[in-house]
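Novice: Coordinates in target.csv, CSV, C-alpha atoms and all ligand atoms, are listed below.
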```csv
chain,number,residue,atom,x,y,z
A,1,MET,CA,-33.7,-9.1,-55.7
A,2,SER,CA,-32.8,-6.6,-58.5
A,3,ASP,CA,-29.6,-6.8,-60.5
A,4,SER,CA,-28.4,-3.6,-58.9
A,5,GLN,CA,-28.8,-5.0,-55.4
A,6,ASN,CA,-27.9,-8.6,-55.2
A,7,THR,CA,-25.8,-10.5,-52.6
A,8,SER,CA,-23.9,-12.6,-55.0
A,9,PRO,CA,-20.1,-12.2,-54.7
A,10,GLU,CA,-19.9,-13.5,-58.3
A,11,ASN,CA,-21.8,-10.4,-59.5
A,12,LYS,CA,-19.6,-8.0,-57.6
A,13,GLY,CA,-20.0,-4.3,-57.9
A,14,ILE,CA,-19.5,-1.8,-55.1
A,15,SER,CA,-19.9,-3.5,-51.7
A,16,VAL,CA,-22.0,-2.2,-48.9
A,17,VAL,CA,-21.3,-3.2,-45.3
A,18,SER,CA,-24.0,-2.0,-42.9
A,19,GLU,CA,-23.6,-1.0,-39.3
A,20,GLU,CA,-25.2,-4.4,-38.3
A,21,ILE,CA,-22.8,-6.4,-40.4
A,22,CYS,CA,-19.8,-4.4,-39.1
A,23,GLN,CA,-20.9,-5.4,-35.6
A,24,GLU,CA,-21.2,-9.0,-36.6
A,25,VAL,CA,-17.8,-9.3,-38.3
A,26,ILE,CA,-15.4,-6.9,-36.5
A,27,GLY,CA,-14.3,-7.9,-33.0
A,28,ARG,CA,-11.9,-6.2,-30.7
A,29,SER,CA,-8.9,-8.2,-31.7
A,30,ASP,CA,-9.5,-7.4,-35.4
A,31,ALA,CA,-9.7,-3.7,-34.6
A,32,PHE,CA,-6.6,-3.9,-32.3
A,33,THR,CA,-4.5,-5.6,-35.1
A,34,ALA,CA,-5.7,-3.2,-37.8
A,35,VAL,CA,-5.0,-0.1,-35.6
A,36,GLU,CA,-1.6,-1.3,-34.4
A,37,ASN,CA,-0.6,-2.1,-38.0
A,38,VAL,CA,-1.7,1.3,-39.3
A,39,PHE,CA,0.1,3.2,-36.5
A,40,ALA,CA,3.2,1.3,-37.4
A,41,ALA,CA,2.8,2.2,-41.1
A,42,MET,CA,2.2,5.9,-40.2
A,43,ALA,CA,5.5,5.9,-38.3
A,44,LYS,CA,7.3,4.4,-41.3
A,45,ASN,CA,5.7,7.0,-43.6
A,46,THR,CA,4.1,4.3,-45.7
A,47,ALA,CA,0.7,5.5,-44.6
A,48,TYR,CA,-0.4,9.1,-44.2
A,49,ASN,CA,-3.4,11.1,-43.2
A,50,PHE,CA,-4.6,14.1,-45.3
A,51,PRO,CA,-5.6,17.3,-43.6
A,52,VAL,CA,-8.9,17.0,-41.7
A,53,ILE,CA,-11.9,19.1,-42.8
A,54,ARG,CA,-14.4,20.0,-40.1
A,55,GLU,CA,-17.0,22.7,-40.6
A,56,ASP,CA,-19.9,24.2,-38.7
A,57,ILE,CA,-22.5,23.9,-41.6
A,58,GLY,CA,-24.9,26.4,-40.0
A,59,HIS,CA,-27.8,23.9,-40.1
A,60,ALA,CA,-29.2,21.6,-37.4
A,61,GLY,CA,-26.3,22.7,-35.2
A,62,ALA,CA,-24.2,20.2,-37.1
A,63,LEU,CA,-20.4,19.9,-37.3
A,64,TYR,CA,-19.6,18.0,-40.5
A,65,GLY,CA,-16.3,16.9,-41.9
A,66,PHE,CA,-14.1,14.2,-43.3
A,67,LYS,CA,-10.9,12.4,-42.5
A,68,SER,CA,-9.0,10.8,-45.3
A,69,GLY,CA,-5.7,9.1,-46.0
A,70,PHE,CA,-3.8,6.4,-47.9
A,71,ASP,CA,-2.1,3.3,-46.5
A,72,ARG,CA,0.4,2.0,-49.1
A,73,ASP,CA,1.2,-1.1,-47.0
A,74,GLY,CA,-2.4,-2.1,-46.7
A,75,MET,CA,-3.4,-0.6,-50.0
A,76,VAL,CA,-6.3,1.2,-48.4
A,77,LEU,CA,-7.5,4.6,-49.8
A,78,GLY,CA,-10.6,6.4,-48.7
A,79,LEU,CA,-12.3,8.7,-46.3
A,80,LYS,CA,-14.6,8.8,-43.3
A,81,SER,CA,-17.3,11.4,-43.6
A,82,GLY,CA,-19.8,12.6,-41.0
A,83,GLY,CA,-19.8,14.5,-37.8
A,84,TYR,CA,-22.0,15.6,-34.9
A,85,TRP,CA,-25.7,16.4,-35.0
A,86,PRO,CA,-26.7,17.4,-31.5
A,87,ASP,CA,-30.5,16.9,-31.9
A,88,ASN,CA,-30.3,13.4,-33.3
A,89,MET,CA,-30.8,11.7,-29.9
A,90,ALA,CA,-34.3,13.2,-29.7
A,91,GLN,CA,-35.1,11.4,-32.9
A,92,GLY,CA,-33.8,8.1,-31.6
A,93,LEU,CA,-30.5,8.4,-33.6
A,94,THR,CA,-26.9,8.6,-32.5
A,95,ASN,CA,-25.5,12.2,-32.4
A,96,HIS,CA,-22.3,11.1,-34.0
A,97,GLN,CA,-22.9,9.9,-37.6
A,98,SER,CA,-20.3,8.6,-40.0
A,99,THR,CA,-19.8,6.5,-43.2
A,100,VAL,CA,-16.6,5.2,-44.6
A,101,ILE,CA,-16.0,5.3,-48.3
A,102,LEU,CA,-13.2,3.1,-49.8
A,103,PHE,CA,-11.7,3.5,-53.2
A,104,ASP,CA,-9.5,1.2,-55.3
A,105,PRO,CA,-6.0,2.7,-55.0
A,106,ASP,CA,-5.0,1.4,-58.5
A,107,THR,CA,-7.9,3.0,-60.4
A,108,GLY,CA,-9.7,5.5,-58.1
A,109,LYS,CA,-12.9,3.6,-58.6
A,110,LEU,CA,-15.4,3.5,-55.7
A,111,LYS,CA,-15.0,0.1,-53.9
A,112,SER,CA,-17.1,0.0,-50.7
A,113,LEU,CA,-19.5,1.9,-48.5
A,114,VAL,CA,-19.2,1.0,-44.8
A,115,GLY,CA,-21.2,2.1,-41.8
A,116,GLY,CA,-18.8,4.1,-39.6
A,117,ASN,CA,-20.6,4.5,-36.2
A,118,TYR,CA,-19.7,1.2,-34.6
A,119,LEU,CA,-16.3,1.2,-36.3
A,120,THR,CA,-15.5,4.6,-34.8
A,121,ALA,CA,-16.1,3.2,-31.3
A,122,VAL,CA,-14.1,0.0,-31.8
A,123,ARG,CA,-11.2,1.8,-33.5
A,124,THR,CA,-11.0,4.4,-30.8
A,125,ALA,CA,-11.1,1.7,-28.1
A,126,ALA,CA,-8.4,-0.2,-30.0
A,127,SER,CA,-6.2,2.9,-30.0
A,128,SER,CA,-6.1,3.3,-26.2
A,129,SER,CA,-5.8,-0.5,-26.0
A,130,VAL,CA,-2.7,-0.4,-28.2
A,131,SER,CA,-1.3,2.3,-26.0
A,132,ILE,CA,-1.9,0.2,-22.9
A,133,ALA,CA,-0.3,-2.9,-24.5
A,134,HIS,CA,2.8,-1.0,-25.4
A,135,LEU,CA,3.2,1.6,-22.6
A,136,ALA,CA,1.4,0.5,-19.3
A,137,ARG,CA,3.3,-1.3,-16.6
A,138,LYS,CA,2.9,-5.0,-16.9
A,139,ASP,CA,1.7,-5.3,-13.3
A,140,ALA,CA,-1.1,-2.7,-13.7
A,141,LYS,CA,-4.1,-3.8,-11.5
A,142,VAL,CA,-6.5,-0.9,-11.3
A,143,LEU,CA,-8.1,0.8,-14.3
A,144,GLY,CA,-9.5,4.3,-13.9
A,145,MET,CA,-12.2,5.5,-16.2
A,146,VAL,CA,-12.9,9.2,-16.5
A,147,GLY,CA,-16.1,9.5,-18.6
A,148,ALA,CA,-19.1,7.3,-18.9
A,149,GLY,CA,-20.6,8.3,-22.3
A,150,HIS,CA,-21.1,6.2,-25.5
A,151,GLN,CA,-17.4,5.5,-26.0
A,152,SER,CA,-16.6,4.5,-22.4
A,153,SER,CA,-17.9,1.0,-22.4
A,154,PHE,CA,-16.0,0.2,-25.6
A,155,GLN,CA,-12.9,1.6,-24.0
A,156,LEU,CA,-13.4,-0.4,-20.9
A,157,ARG,CA,-13.9,-3.7,-22.7
A,158,ALA,CA,-10.8,-3.2,-24.9
A,159,ALA,CA,-8.6,-2.0,-22.0
A,160,VAL,CA,-9.2,-5.0,-19.7
A,161,GLU,CA,-7.9,-7.4,-22.4
A,162,GLN,CA,-4.4,-5.9,-22.1
A,163,ARG,CA,-3.6,-6.3,-18.4
A,164,ASP,CA,-4.8,-8.4,-15.5
A,165,PHE,CA,-7.0,-5.7,-14.1
A,166,GLU,CA,-8.6,-6.5,-10.7
A,167,LYS,CA,-10.8,-3.4,-10.3
A,168,VAL,CA,-12.3,-0.5,-12.1
A,169,VAL,CA,-12.6,3.0,-10.5
A,170,ALA,CA,-14.6,5.6,-12.3
A,171,TRP,CA,-15.6,9.2,-12.2
A,172,ASN,CA,-18.0,11.1,-14.5
A,173,PHE,CA,-19.2,14.7,-14.8
A,174,HIS,CA,-22.8,13.4,-15.0
A,175,PRO,CA,-22.8,10.7,-12.2
A,176,GLU,CA,-26.2,9.4,-13.4
A,177,MET,CA,-24.4,7.9,-16.4
A,178,LEU,CA,-22.1,5.7,-14.3
A,179,PRO,CA,-24.4,2.7,-13.6
A,180,LYS,CA,-24.3,1.8,-17.3
A,181,LEU,CA,-20.5,1.6,-17.1
A,182,ALA,CA,-20.7,-0.3,-13.8
A,183,ALA,CA,-22.9,-2.9,-15.5
A,184,VAL,CA,-20.2,-3.5,-18.1
A,185,ALA,CA,-17.6,-3.9,-15.4
A,186,GLU,CA,-19.9,-6.3,-13.6
A,187,GLU,CA,-20.4,-8.3,-16.8
A,188,LEU,CA,-16.6,-8.5,-17.1
A,189,GLY,CA,-16.3,-9.8,-13.6
A,190,LEU,CA,-14.6,-6.7,-12.2
A,191,PRO,CA,-15.4,-4.8,-9.0
A,192,PHE,CA,-16.5,-1.2,-9.8
A,193,GLU,CA,-16.1,1.8,-7.5
A,194,SER,CA,-17.5,5.3,-8.2
A,195,VAL,CA,-14.9,7.8,-6.8
A,196,THR,CA,-13.7,11.4,-7.0
A,197,CYS,CA,-11.2,12.2,-9.7
A,198,GLU,CA,-8.5,12.6,-7.1
A,199,GLU,CA,-9.2,9.2,-5.5
A,200,LEU,CA,-9.3,7.7,-9.0
A,201,CYS,CA,-5.8,8.9,-9.6
A,202,ALA,CA,-4.6,7.6,-6.3
A,203,GLN,CA,-5.8,4.1,-7.1
A,204,ALA,CA,-5.4,3.7,-10.8
A,205,ASP,CA,-2.4,2.3,-12.6
A,206,VAL,CA,-4.0,3.0,-16.0
A,207,ILE,CA,-6.3,6.0,-16.6
A,208,ILE,CA,-8.5,6.4,-19.7
A,209,THR,CA,-10.1,9.9,-20.2
A,210,ILE,CA,-13.0,9.8,-22.6
A,211,THR,CA,-15.0,12.9,-22.1
A,212,SER,CA,-16.0,16.0,-24.0
A,213,ALA,CA,-14.5,18.3,-21.4
A,214,PHE,CA,-13.1,21.8,-22.3
A,215,GLY,CA,-11.0,22.1,-19.1
A,216,SER,CA,-8.7,20.0,-17.0
A,217,LEU,CA,-10.3,17.3,-14.9
A,218,ILE,CA,-7.1,15.8,-13.5
A,219,ASP,CA,-4.5,17.7,-11.4
A,220,LYS,CA,-0.8,17.0,-11.9
A,221,ASP,CA,-0.3,16.3,-8.2
A,222,TRP,CA,-2.9,13.6,-8.2
A,223,ILE,CA,-1.0,11.3,-10.6
A,224,LYS,CA,1.1,8.6,-9.0
A,225,PRO,CA,4.4,7.5,-10.5
A,226,GLY,CA,4.2,4.7,-13.0
A,227,THR,CA,0.7,5.6,-14.2
A,228,HIS,CA,-0.2,5.3,-17.9
A,229,ILE,CA,-2.9,7.8,-19.0
A,230,ALA,CA,-4.7,7.5,-22.3
A,231,CYS,CA,-6.3,10.8,-23.2
A,232,MET,CA,-8.9,9.9,-25.7
A,233,GLY,CA,-11.6,12.6,-25.5
A,234,THR,CA,-9.7,15.6,-26.8
A,235,ASP,CA,-10.1,15.6,-30.6
A,236,THR,CA,-11.0,19.2,-31.3
A,237,LYS,CA,-9.4,22.6,-30.8
A,238,GLY,CA,-10.2,23.9,-27.3
A,239,LYS,CA,-11.0,20.5,-25.7
A,240,GLN,CA,-8.9,19.5,-22.7
A,241,GLU,CA,-9.0,16.7,-20.1
A,242,VAL,CA,-5.9,16.9,-18.0
A,243,ASP,CA,-3.7,19.5,-16.4
A,244,VAL,CA,-1.1,20.9,-18.9
A,245,ASP,CA,1.6,20.2,-16.4
A,246,ILE,CA,1.0,16.5,-16.7
A,247,LEU,CA,2.2,16.6,-20.2
A,248,ALA,CA,5.5,18.3,-19.0
A,249,LEU,CA,5.9,15.6,-16.3
A,250,ALA,CA,5.0,12.6,-18.5
A,251,THR,CA,6.6,11.0,-21.5
A,252,VAL,CA,4.1,11.8,-24.2
A,253,PHE,CA,3.1,9.5,-27.1
A,254,THR,CA,0.5,10.0,-29.8
A,255,ASP,CA,-1.1,8.5,-32.8
A,256,GLU,CA,-0.2,11.5,-35.0
A,257,ILE,CA,1.9,14.5,-34.0
A,258,ALA,CA,0.3,16.9,-36.4
A,259,GLN,CA,-3.1,16.3,-34.7
A,260,SER,CA,-1.7,16.0,-31.2
A,261,ILE,CA,-0.3,19.5,-31.2
A,262,THR,CA,-3.4,21.2,-32.9
A,263,ILE,CA,-6.5,19.3,-31.8
A,264,GLY,CA,-5.2,16.8,-29.3
A,265,GLU,CA,-4.5,16.9,-25.6
A,266,ALA,CA,-1.0,18.2,-26.3
A,267,GLN,CA,-2.3,21.4,-28.0
A,268,HIS,CA,-2.4,23.4,-24.7
A,269,ALA,CA,1.0,22.3,-23.4
A,270,VAL,CA,2.6,23.1,-26.8
A,271,ALA,CA,0.8,26.4,-27.1
A,272,SER,CA,2.0,27.5,-23.6
A,273,GLY,CA,5.5,26.4,-24.4
A,274,LEU,CA,5.6,23.6,-21.7
A,275,ILE,CA,6.6,21.0,-24.3
A,276,LYS,CA,7.7,21.0,-27.9
A,277,GLU,CA,6.6,19.0,-30.8
A,278,SER,CA,9.9,17.1,-30.6
A,279,ASP,CA,9.0,15.9,-27.1
A,280,ILE,CA,6.1,13.8,-28.5
A,281,THR,CA,6.7,10.3,-29.8
A,282,PRO,CA,4.5,8.6,-32.4
A,283,ILE,CA,3.3,5.3,-30.9
A,284,GLY,CA,4.1,3.7,-34.2
A,285,ASP,CA,7.8,4.2,-33.5
A,286,VAL,CA,7.4,2.2,-30.3
A,287,ILE,CA,5.4,-0.5,-32.1
A,288,ASN,CA,8.2,-0.6,-34.8
A,289,GLY,CA,10.9,-0.7,-32.1
A,290,THR,CA,12.6,2.4,-33.4
A,291,LYS,CA,12.0,4.5,-30.3
A,292,PRO,CA,11.7,3.4,-26.7
A,293,GLY,CA,8.3,3.2,-24.9
A,294,ARG,CA,8.2,2.9,-21.1
A,295,THR,CA,11.7,2.9,-19.7
A,296,SER,CA,11.1,2.6,-16.0
A,297,GLU,CA,8.4,1.5,-13.5
A,298,GLU,CA,8.1,5.0,-12.1
A,299,GLN,CA,7.8,6.8,-15.5
A,300,ILE,CA,4.4,8.4,-16.2
A,301,THR,CA,3.4,7.8,-19.8
A,302,LEU,CA,0.6,9.7,-21.6
A,303,PHE,CA,-0.9,8.7,-24.9
A,304,ASP,CA,-2.7,11.5,-26.8
A,305,GLY,CA,-5.2,9.5,-28.9
A,306,THR,CA,-6.6,12.1,-31.3
A,307,GLY,CA,-8.2,9.7,-33.7
A,308,VAL,CA,-6.9,9.6,-37.3
A,309,GLY,CA,-8.8,8.8,-40.5
A,310,LEU,CA,-6.4,5.9,-41.3
A,311,GLN,CA,-7.7,4.1,-38.2
A,312,ASP,CA,-11.2,4.2,-39.7
A,313,LEU,CA,-10.1,3.1,-43.1
A,314,ALA,CA,-8.1,0.2,-41.6
A,315,VAL,CA,-11.0,-1.2,-39.6
A,316,ALA,CA,-13.4,-0.6,-42.5
A,317,SER,CA,-11.2,-2.4,-44.9
A,318,VAL,CA,-11.1,-5.4,-42.6
A,319,ALA,CA,-14.9,-5.2,-42.2
A,320,VAL,CA,-15.3,-5.3,-46.0
A,321,GLU,CA,-12.9,-8.2,-46.3
A,322,LEU,CA,-14.6,-10.3,-43.6
A,323,ALA,CA,-18.1,-9.4,-44.7
A,324,GLU,CA,-17.3,-10.3,-48.3
A,325,ALA,CA,-15.7,-13.6,-47.3
A,326,LYS,CA,-18.7,-14.5,-45.2
A,327,GLY,CA,-21.2,-13.5,-47.9
A,328,LEU,CA,-22.6,-10.8,-45.7
A,329,ALA,CA,-21.9,-7.8,-48.0
A,330,THR,CA,-24.4,-6.5,-50.5
A,331,TYR,CA,-23.4,-5.1,-53.8
A,332,PHE,CA,-24.6,-2.5,-56.3
A,333,LYS,CA,-23.3,-1.0,-59.6
A,334,LEU,CA,-23.0,2.7,-60.4
A,401,LIG,P1,-20.9,11.2,-25.2
A,401,LIG,O1,-21.6,12.5,-25.5
A,401,LIG,O2,-21.6,9.9,-25.2
A,401,LIG,O3,-20.3,11.4,-23.7
A,401,LIG,C1,-19.7,12.5,-23.3
A,401,LIG,C2,-18.9,12.3,-22.0
A,401,LIG,O4,-18.3,13.5,-21.5
A,401,LIG,C3,-19.8,11.9,-20.8
A,401,LIG,O5,-19.1,11.0,-20.0
A,401,LIG,C4,-20.2,13.2,-20.2
A,401,LIG,O6,-20.6,13.1,-18.8
A,401,LIG,C5,-18.8,13.9,-20.3
A,401,LIG,N1,-18.9,15.3,-20.2
A,401,LIG,C6,-19.7,16.2,-20.8
A,401,LIG,N2,-19.5,17.4,-20.5
A,401,LIG,C7,-18.4,17.4,-19.6
A,401,LIG,C8,-17.7,18.4,-18.9
A,401,LIG,N3,-18.0,19.7,-19.1
A,401,LIG,N4,-16.7,18.0,-18.1
A,401,LIG,C9,-16.4,16.7,-18.0
A,401,LIG,N5,-17.0,15.7,-18.6
A,401,LIG,C10,-18.0,16.1,-19.4
A,401,LIG,O7,-19.6,11.2,-26.0
A,401,LIG,P2,-18.7,9.9,-26.5
A,401,LIG,O8,-19.2,9.5,-27.8
A,401,LIG,O9,-18.5,9.0,-25.3
A,401,LIG,O10,-17.3,10.7,-26.7
A,401,LIG,C11,-16.5,11.2,-25.7
A,401,LIG,C12,-15.4,12.1,-26.2
A,401,LIG,O11,-14.6,11.4,-27.0
A,401,LIG,C13,-15.9,13.3,-27.1
A,401,LIG,O12,-15.2,14.4,-26.8
A,401,LIG,C14,-15.6,12.8,-28.5
A,401,LIG,O13,-15.5,13.8,-29.4
A,401,LIG,C15,-14.3,12.0,-28.3
A,401,LIG,N6,-14.0,11.0,-29.3
A,401,LIG,C16,-12.7,10.9,-29.5
A,401,LIG,C17,-12.2,9.9,-30.5
A,401,LIG,C18,-10.8,9.7,-30.7
A,401,LIG,O14,-10.4,9.0,-31.7
A,401,LIG,N7,-9.9,10.3,-29.9
A,401,LIG,C19,-13.2,9.1,-31.1
A,401,LIG,C20,-14.6,9.3,-30.8
A,401,LIG,C21,-14.9,10.2,-29.9
```
Now that the file is in, can you turn its structure into structure tokens?
Specialist:
Amino acid sequence: MSDSQNTSPENKGISVVSEEICQEVIGRSDAFTAVENVFAAMAKNTAYNFPVIREDIGHAGALYGFKSGFDRDGMVLGLKSGGYWPDNMAQGLTNHQSTVILFDPDTGKLKSLVGGNYLTAVRTAASSSVSIAHLARKDAKVLGMVGAGHQSSFQLRAAVEQRDFEKVVAWNFHPEMLPKLAAVAEELGLPFESVTCEELCAQADVIITITSAFGSLIDKDWIKPGTHIACMGTDTKGKQEVDVDILALATVFTDEIAQSITIGEAQHAVASGLIKESDITPIGDVINGTKPGRTSEEQITLFDGTGVGLQDLAVASVAVELAEAKGLATYFKL
């Protein structure tokens, strides 16, 4: 092995943690803790996200961008860069591609390069999972999954760790994708039922939406009292998963208000004047105990999980720490 690419921690340079190593070292509980801590730090203003860049590059149909931020509590500085390449699947690659780059906050020196694809899925699942932990009714028994794409199985696995769910009901725009999610439910020992969206709402105590829809899939009148909804798919201007009236009816929480009102599920309700920015509570305030979460069994709670860069940096930083401690990182020098 060359001097510029050795695995010896004694000869440290810039660490590289591959996709495979991320999968090996980061579990759901690591991601949950990292995301919960960073949401708490964001609410205390000790961590903040910088404005997101997202551009249509006019090549390969790609949307490219980066999300960046600084967590002063965790001393984590960096960015996640990547985006969406629609033709990747045909080449045997994931359409969503991302890499996390971490810098030393004291010197600005490059610290680590970390594969970001698996981490995006676990940090997104951790986000809805944190919302369920803090906002769903304790006696929630039925989990409703709207969406059956790449993220959905991560969402399902993380959600079932938060409550004693007894059943999963699911709906997807492309029904042929549902068997894959059903197999995950079966592996988790949970009965799985494919239903209409309306039936899903009638049964579910917790609903996760994780689709790329650009229009409402869930009607206000379908939601029963006491439901917790985690809207996870809307992360871009124009996307929408639920009826705007649900946001007026529900108590709305989010990871970050600035994103919620511009690219998150709340963008439409705010634009149409149904709710105001001040009606939305950062979930970090609930985690910190400075604002109430659920206040009654009948209340409908909605978490607008838009996905912030600090989530990526938080899980990437833990991945680096664990990979380095286990001797699984590789190193190079610039
Ligand atoms: P995917 O391409 O694997 O799956 C897309 C899902 O959306 C499938 O269930 C598909 O059937 C469904 N869908 C497609 N067109 C639809 C339509 N017109 N109406 C309803 N459903 C439709 O994508 P994925 O990786 O599972 O991601 C799902 C969504 O989550 C995307 O919108 C993605 O941008 C978003 N996402 C959000 C975060 C976050 O932090 N909030 C993180 C990652 C991904």
Novice: Between A:Phe103, A:Phe66, A:Phe214, A:Tyr331, which one has atoms that come closest to ligand LIG 401 (chain A), using only C-alpha atoms and all ligand atoms?
Specialist: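 Using only C-alpha atoms and all ligand atoms, the shortest distance to ligand LIG 401 (chain A) belongs to A:Phe214.
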Novice: Can I get the residues close to ligand LIG 401 (chain A) as a PyMOL selection string, where close means within 9 Å and we count only C-alpha atoms and all ligand atoms?
Specialist: chain A and resi 84+95-96+120-121+123-125+127-128+146-153+171-178+209-217+231-236+239+241+264+304-309+311
Novice: Per residue of region 167-276 of chain A within 8 Å of region 132-141 of chain A, record the nearest atom pair and its distance in Å to one decimal, counting only C-alpha atoms, with rows in chain order and ascending residue number, as a tab-separated table.
Specialist:
```
residue	atom	partner	partner_atom	distance
A:Lys167	CA	A:Lys141	CA	6.8
A:Ala204	CA	A:Lys141	CA	7.6
A:Asp205	CA	A:Ala140	CA	5.3
A:Val206	CA	A:Ala140	CA	6.8
A:Gly226	CA	A:Arg137	CA	7.1
A:Thr227	CA	A:Ala136	CA	7.2
A:His228	CA	A:Ala136	CA	5.2
A:Ala230	CA	A:Ile132	CA	7.8
```
Novice: Write the residues of the selection above to a file with C-alpha atoms, as a CSV table (one decimal), in the frame of the given file.
Specialist:
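Saved as again_3.csv:
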```
chain,number,residue,atom,x,y,z
A,167,LYS,CA,-10.8,-3.4,-10.3
A,204,ALA,CA,-5.4,3.7,-10.8
A,205,ASP,CA,-2.4,2.3,-12.6
A,206,VAL,CA,-4.0,3.0,-16.0
A,226,GLY,CA,4.2,4.7,-13.0
A,227,THR,CA,0.7,5.6,-14.2
A,228,HIS,CA,-0.2,5.3,-17.9
A,230,ALA,CA,-4.7,7.5,-22.3
```
Novice: List the neighbours of Ser112 (chain A) out to 10 Å using all atoms listed in the file; skip same-chain residues closer than 5 positions along the sequence, and give me the result as a VMD selection string.
Specialist: chain A and resid 13 to 17 78 100 to 104 316 to 317 320 329 to 332
Novice: Could you jot down the CA of Val169 (chain A) to CA of Phe154 (chain A) separation for me, Å, one decimal place?
Specialist: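 Spanning CA of Val169 (chain A) to CA of Phe154 (chain A) is a straight-line distance of 15.7 Å.
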Novice: Mind checking which residues fall within 7 Å of region 53-55 of chain A, counting all atoms listed in the file, ignoring those fewer than 6 positions away in the same chain, and posting them as a list of chain:residue names?
Specialist: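 Everything that qualifies: A:Leu63, A:Tyr64, A:Gly65, A:Phe66, A:Lys67.
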Novice: Rounded to one decimal in Å, what is the spacing between CA of Ile218 (chain A) and CA of Asp243 (chain A)?
Specialist: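 Going from CA of Ile218 (chain A) over to CA of Asp243 (chain A), I get 5.8 Å.
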Novice: So how many Å separate CA of Ser98 (chain A) and CA of Ala126 (chain A), to one decimal?
Specialist: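 That distance, rounded to one decimal, is 17.9 Å.
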Novice: Rank A:Leu79, A:Met145, A:Ile280, A:Ile229 by their smallest atom-to-atom distance to Leu313 (chain A), using only C-alpha atoms, and report the top residue only.
Specialist: A:Leu79
Novice: I'd like to know which of A:Ala159, A:Leu334, A:Val244, A:Ile208 is closest to Ala185 (chain A), using all atoms listed in the file.
Specialist: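 Selected residue with least distance to Ala185 (chain A): A:Ala159.
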Novice: Can you work out which one of A:Gln155, A:Ser131, A:Gln240, A:Ser29 has the shortest atom-to-atom distance to Val286 (chain A), counting only C-alpha atoms?
Specialist: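 Ranked by minimum distance to Val286 (chain A), first place goes to A:Ser131.
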Novice: List as number ranges by chain the protein and nucleic acid residues near Thr46 (chain A), meaning an atom at most 7 Å away when all atoms listed in the file are counted, but skip any in the same chain fewer than 3 places from it.
Specialist: A: 41-42, 71-73
Novice: Looking at A:Ile26, A:Leu310, A:Leu113, A:Leu322, which one is nearest to Ala47 (chain A), with distances taken over only C-alpha atoms?
Specialist: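 Going through A:Ile26, A:Leu310, A:Leu113, A:Leu322 one by one, the smallest distance to Ala47 (chain A) is for A:Leu310.
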Novice: Identify which of the residues A:Ala325, A:Val52, A:Val38, A:Ile223 lies closest to Glu199 (chain A), counting all atoms listed in the file when measuring atom-to-atom distances.
Specialist: A:Ile223
